[in-house]
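Worksheet: one structure, shown below.
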Amino acid sequence: MPPSKKRKKPSGPLHPPITPPATEATGDERRAKADQERLSRWRTRVARAQKVRKDWEVDYHVEKCERYFLGRQWDRGRGDNDIVFNHTWATIKTQRPNLFYTQPKFFVRPKPGRTSPTEERHAGIGEALLESVGRQDDNLKRAGNLGVLQNYFRIGVLKIVYDPRMEPNPQAGEPMYEVGETGEPVADALGMPVKMRDPATGQPVLEPDEVMTDEAYRYGWVDAVHMLLPDEGPDRSKWSWIGEEIVVPLEEAKEDTRFTKALRPRLVANETKSKLKTATSVRGDLSSSDDERLRYFEVYDIREKRVLAFADGQEFDDFLMDDPLPDGVEDHPYALLLGWTPILGPEPSPWPMPHIRPWLDIQREYNIRRQQITEGAKRSARKGVYDDGTFANADEALKVLQSPGDMEFGKVTDVKRPPVMLEVPNLSTDIWRDIPALMTDWRLVTGLTGARLANPDATTATEASFVERAGNLRDADMQDAVNDWLSEAGRKMLQRVRATLTMGLWIKMRGFSDQEFEKYVERVYGQEVLLGIKFLPGLKEIYRERFGQEKWLRITREQLQFESEVS
């Protein structure tokens with residue numbers, strides 16, 4: 001038999017090692033990972049929005065537009081000899097009052113098909129409410145003026161602000177009274193006002209110790225430099241989000257109750273008051289607590305109906321705020337005036353073309369021409385040359401060259417070397433012809449007529465009327481955009497107050513119109529009293545004196561629950 005071969009032993013273990021099963025992530029770990037991914041996506045979106053804004057500022061010379069309005073119109077440093085005739089400033093100052101001049105007046109009307117007396121009176125309450133909020137410290141007038149002015153260079157932004165603060169109630173402890181559906185006090189059989197009672201206890205309801213300040217609702221202007229618009233084209237109905245960069249003192253951020261309570265003490269400054277906007281976020285080396293600032297991003301997710309906030313340069317990676325949209329906020333709290341010329345291509349942009357961008361070239365050329373004329377005028381003064389041996393001394397030279405006296409002689413040392421007068425080069429007539437051409441281009445581009453610029457461009461009244469009519473067409477288009485912007489702001493404000501009003505708000509109601517007054521009398525007192533009022537003018541005046549004049553009315557949330565349109 002052949003010798004048996006030895007079987008080679010395997011070098012490895014007889015059985016492969018048993019790998020323990022992978023442990024599944026817990027629910028908290030999955031949520032934490034999902035939050036990290038969401039935060040990363042939002043950081044990317046914000047960074048993209050910042051790049052889109054920066055590229056737009058560079059491509060369309062946005063900062064140059066702002067400088068031109070301020071008169072800083074020379075590319076080099078402003079020198080004493082640089083002449084600026086600021087037509088940009090003058091034109092904007094002429095146009096702007098026609099777009100936004102005084103306190104806006106809102107009109108609230110019931111939606112079509114809802115024209116009952118109650119709805120009409122509720123609409124009047126809505127008008128008075130919006131007027132009261134806007135007139136508080138003239139906040140709407142101030143914010144609106146800033147927004148319209150900035151719309152010439154960037155966009156105009158109004159933000160609906162709800163900032164409730166409490167203060168002592170001067171009527172604390174006094175009874176509150178019932179009011180009817182149209183706002184008038186409810187009277188009993190003896191004509192006395194009816195006290196409001198708690199339905200649970202039956203006890204009279206008293207005025208609270210504290211009431212909300214009258215500045216709880218206001219229109220705030222937002223600097224468009226800090227706005228974040230998505231890279232989703234000029235049609236904002238397709239936008240999925242919108243945001244804002246906000247810089248606040250660090251201590252104020254730590255007291256902001258909207259932020260997560262556990263994260264507020266851990267906030268650190270990532271900005272200083274004196275730091276350049278382009279500087280990167282830092283952590284730590286800040287010299288003064290008064291100088292410490294926190295820059296954070298507040299974004300509104302339109303699709304998911306949420307509001308988020310986060311900051312860079314922190315020791316944690318988490319949202320400062322991740323909540324549903326506040327009550328009364330539909331999509332976002334901003335009313336946007338997106339310029340007057342959208343950018344549709346070749347690369348659609350959410351930012352508009354700056355309105356004064358076409359003015360810059362004309363303004364620059366006009367300054368150059370006027371500079372040439374000024375320099376030419378300096379050269380046109382007669383000038384001469386002489387050497388040291390021509391005159392005996394400087395006084396004799398002045399007699400010959402500058403003295404206005406007649407028959408005055410100056411002493412010369414060498415009559416063979418008299419002073420020589422230089423030839424004066426004439427200013428080219430092309431420069432003079434260019435000035436009227438530039439002014440014509442200016443009127444064509446800006447849309448302002450010569451009459452508005454104090455430079456009539458028509459020789460007859462008929463011709464002037466046609467020129468003015470053409471200028472009004474462009475004004476009408478700009479006014480329509482401003483009206484839509486303010487209507488959006490009023491609608492958002494009414495929604496916000498309707499959803500958040502808790503303690504009532506005092507407003508000044510306008511008086512009844514004749515039609516509203518007759519409907520009110522007929523509904524409350526009957527047809528007989530209405531007939532008596534119609535045939536007895538004195539009785540009508542008595543009722544109007546009691547119910548028809550302007551009066552202060554305390555409104556509640558229930559009185560604002562109506563469907564309306566704001567314009």
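Naming works like this for the structure tokens: A, B, ... for the chains as they're shown, residue 1 at the start of each chain, ligands 1 onward in shown order.
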
> If you run DSSP on the backbone, which residues of segment 267-507 of chain A are strand (DSSP E or B), as a PyMOL selection string?
Replying inline: chain A and resi 271-272+292-301+306-311+321-324+334-337+384-385+391+412+420-421+505-507

>> Give me, as a VMD selection string, all polymer residues having an atom no more than 9 Å from segment 234-238 of chain A, counting only C-alpha atoms and skipping those fewer than 2 positions away in the same chain.
In response: chain A and resid 231 to 232 240 338 342 to 344 348 to 352

>> Can you pull out the residues contacting Ile155 of chain A? Cut-off 9 Å, using only C-alpha atoms, and skip same-chain residues under 5 positions away; I want them as an MDAnalysis selection string.
In response: chainID A and resid 147:150 223:224 336:339 351:352 354

Next, the residues of the selection above should be written as a JSON list (two decimals), in the first residue's frame with N, CA and C atoms.
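The file below, again_34.json, is the result:
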[["chain", "number", "residue", "atom", "x", "y", "z"],
["A", 147, "GLY", "N", -38.76, 101.87, 2.84],
["A", 147, "GLY", "CA", -38.89, 100.77, 1.88],
["A", 147, "GLY", "C", -38.98, 101.26, 0.45],
["A", 148, "VAL", "N", -39.77, 102.31, 0.20],
["A", 148, "VAL", "CA", -39.90, 102.83, -1.16],
["A", 148, "VAL", "C", -38.58, 103.41, -1.64],
["A", 149, "LEU", "N", -37.87, 104.12, -0.76],
["A", 149, "LEU", "CA", -36.58, 104.68, -1.17],
["A", 149, "LEU", "C", -35.59, 103.57, -1.50],
["A", 150, "GLN", "N", -35.51, 102.53, -0.66],
["A", 150, "GLN", "CA", -34.55, 101.46, -0.93],
["A", 150, "GLN", "C", -34.94, 100.64, -2.15],
["A", 223, "ASP", "N", -33.92, 96.11, 6.41],
["A", 223, "ASP", "CA", -32.90, 96.46, 5.44],
["A", 223, "ASP", "C", -32.73, 95.31, 4.46],
["A", 224, "ALA", "N", -32.91, 95.59, 3.17],
["A", 224, "ALA", "CA", -32.83, 94.53, 2.17],
["A", 224, "ALA", "C", -31.45, 93.91, 2.08],
["A", 336, "LEU", "N", -43.27, 92.28, 0.43],
["A", 336, "LEU", "CA", -42.11, 92.56, -0.43],
["A", 336, "LEU", "C", -42.51, 93.43, -1.61],
["A", 337, "LEU", "N", -41.74, 94.49, -1.82],
["A", 337, "LEU", "CA", -41.83, 95.31, -3.02],
["A", 337, "LEU", "C", -40.60, 94.98, -3.85],
["A", 338, "LEU", "N", -40.77, 94.05, -4.79],
["A", 338, "LEU", "CA", -39.64, 93.48, -5.52],
["A", 338, "LEU", "C", -39.29, 94.34, -6.72],
["A", 339, "GLY", "N", -38.88, 95.58, -6.44],
["A", 339, "GLY", "CA", -38.44, 96.47, -7.51],
["A", 339, "GLY", "C", -39.56, 96.76, -8.49],
["A", 351, "TRP", "N", -33.98, 88.59, -7.30],
["A", 351, "TRP", "CA", -33.72, 90.01, -7.10],
["A", 351, "TRP", "C", -34.02, 90.76, -8.39],
["A", 352, "PRO", "N", -34.53, 91.99, -8.30],
["A", 352, "PRO", "CA", -34.87, 92.76, -9.51],
["A", 352, "PRO", "C", -33.67, 93.55, -10.02],
["A", 354, "PRO", "N", -31.93, 96.88, -10.33],
["A", 354, "PRO", "CA", -32.06, 98.16, -9.62],
["A", 354, "PRO", "C", -32.64, 99.22, -10.53]]

> With distances taken over only C-alpha atoms, which of A:Tyr300, A:Trp42, A:Trp56, A:Phe391 is nearest to Phe153 of chain A?
Replying inline: A:Trp56

> Distance atom CA of Thr440 of chain A-atom CA of Gln363 of chain A, one decimal place?
Replying inline: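 Separating atom CA of Thr440 of chain A from atom CA of Gln363 of chain A is a distance of 12.1 Å.
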
>> Please compute the atom CA of Tyr162 of chain A-atom CA of Met493 of chain A distance, one decimal, in Å.
In response: 9.1 Å

>> List the spatial neighbours of Phe85 of chain A as a ChimeraX atom specification - criterion: any atom at most 9 Å away, only C-alpha atoms, same-chain residues fewer than 4 positions off excluded.
In response: /A:71,363,366-367,370
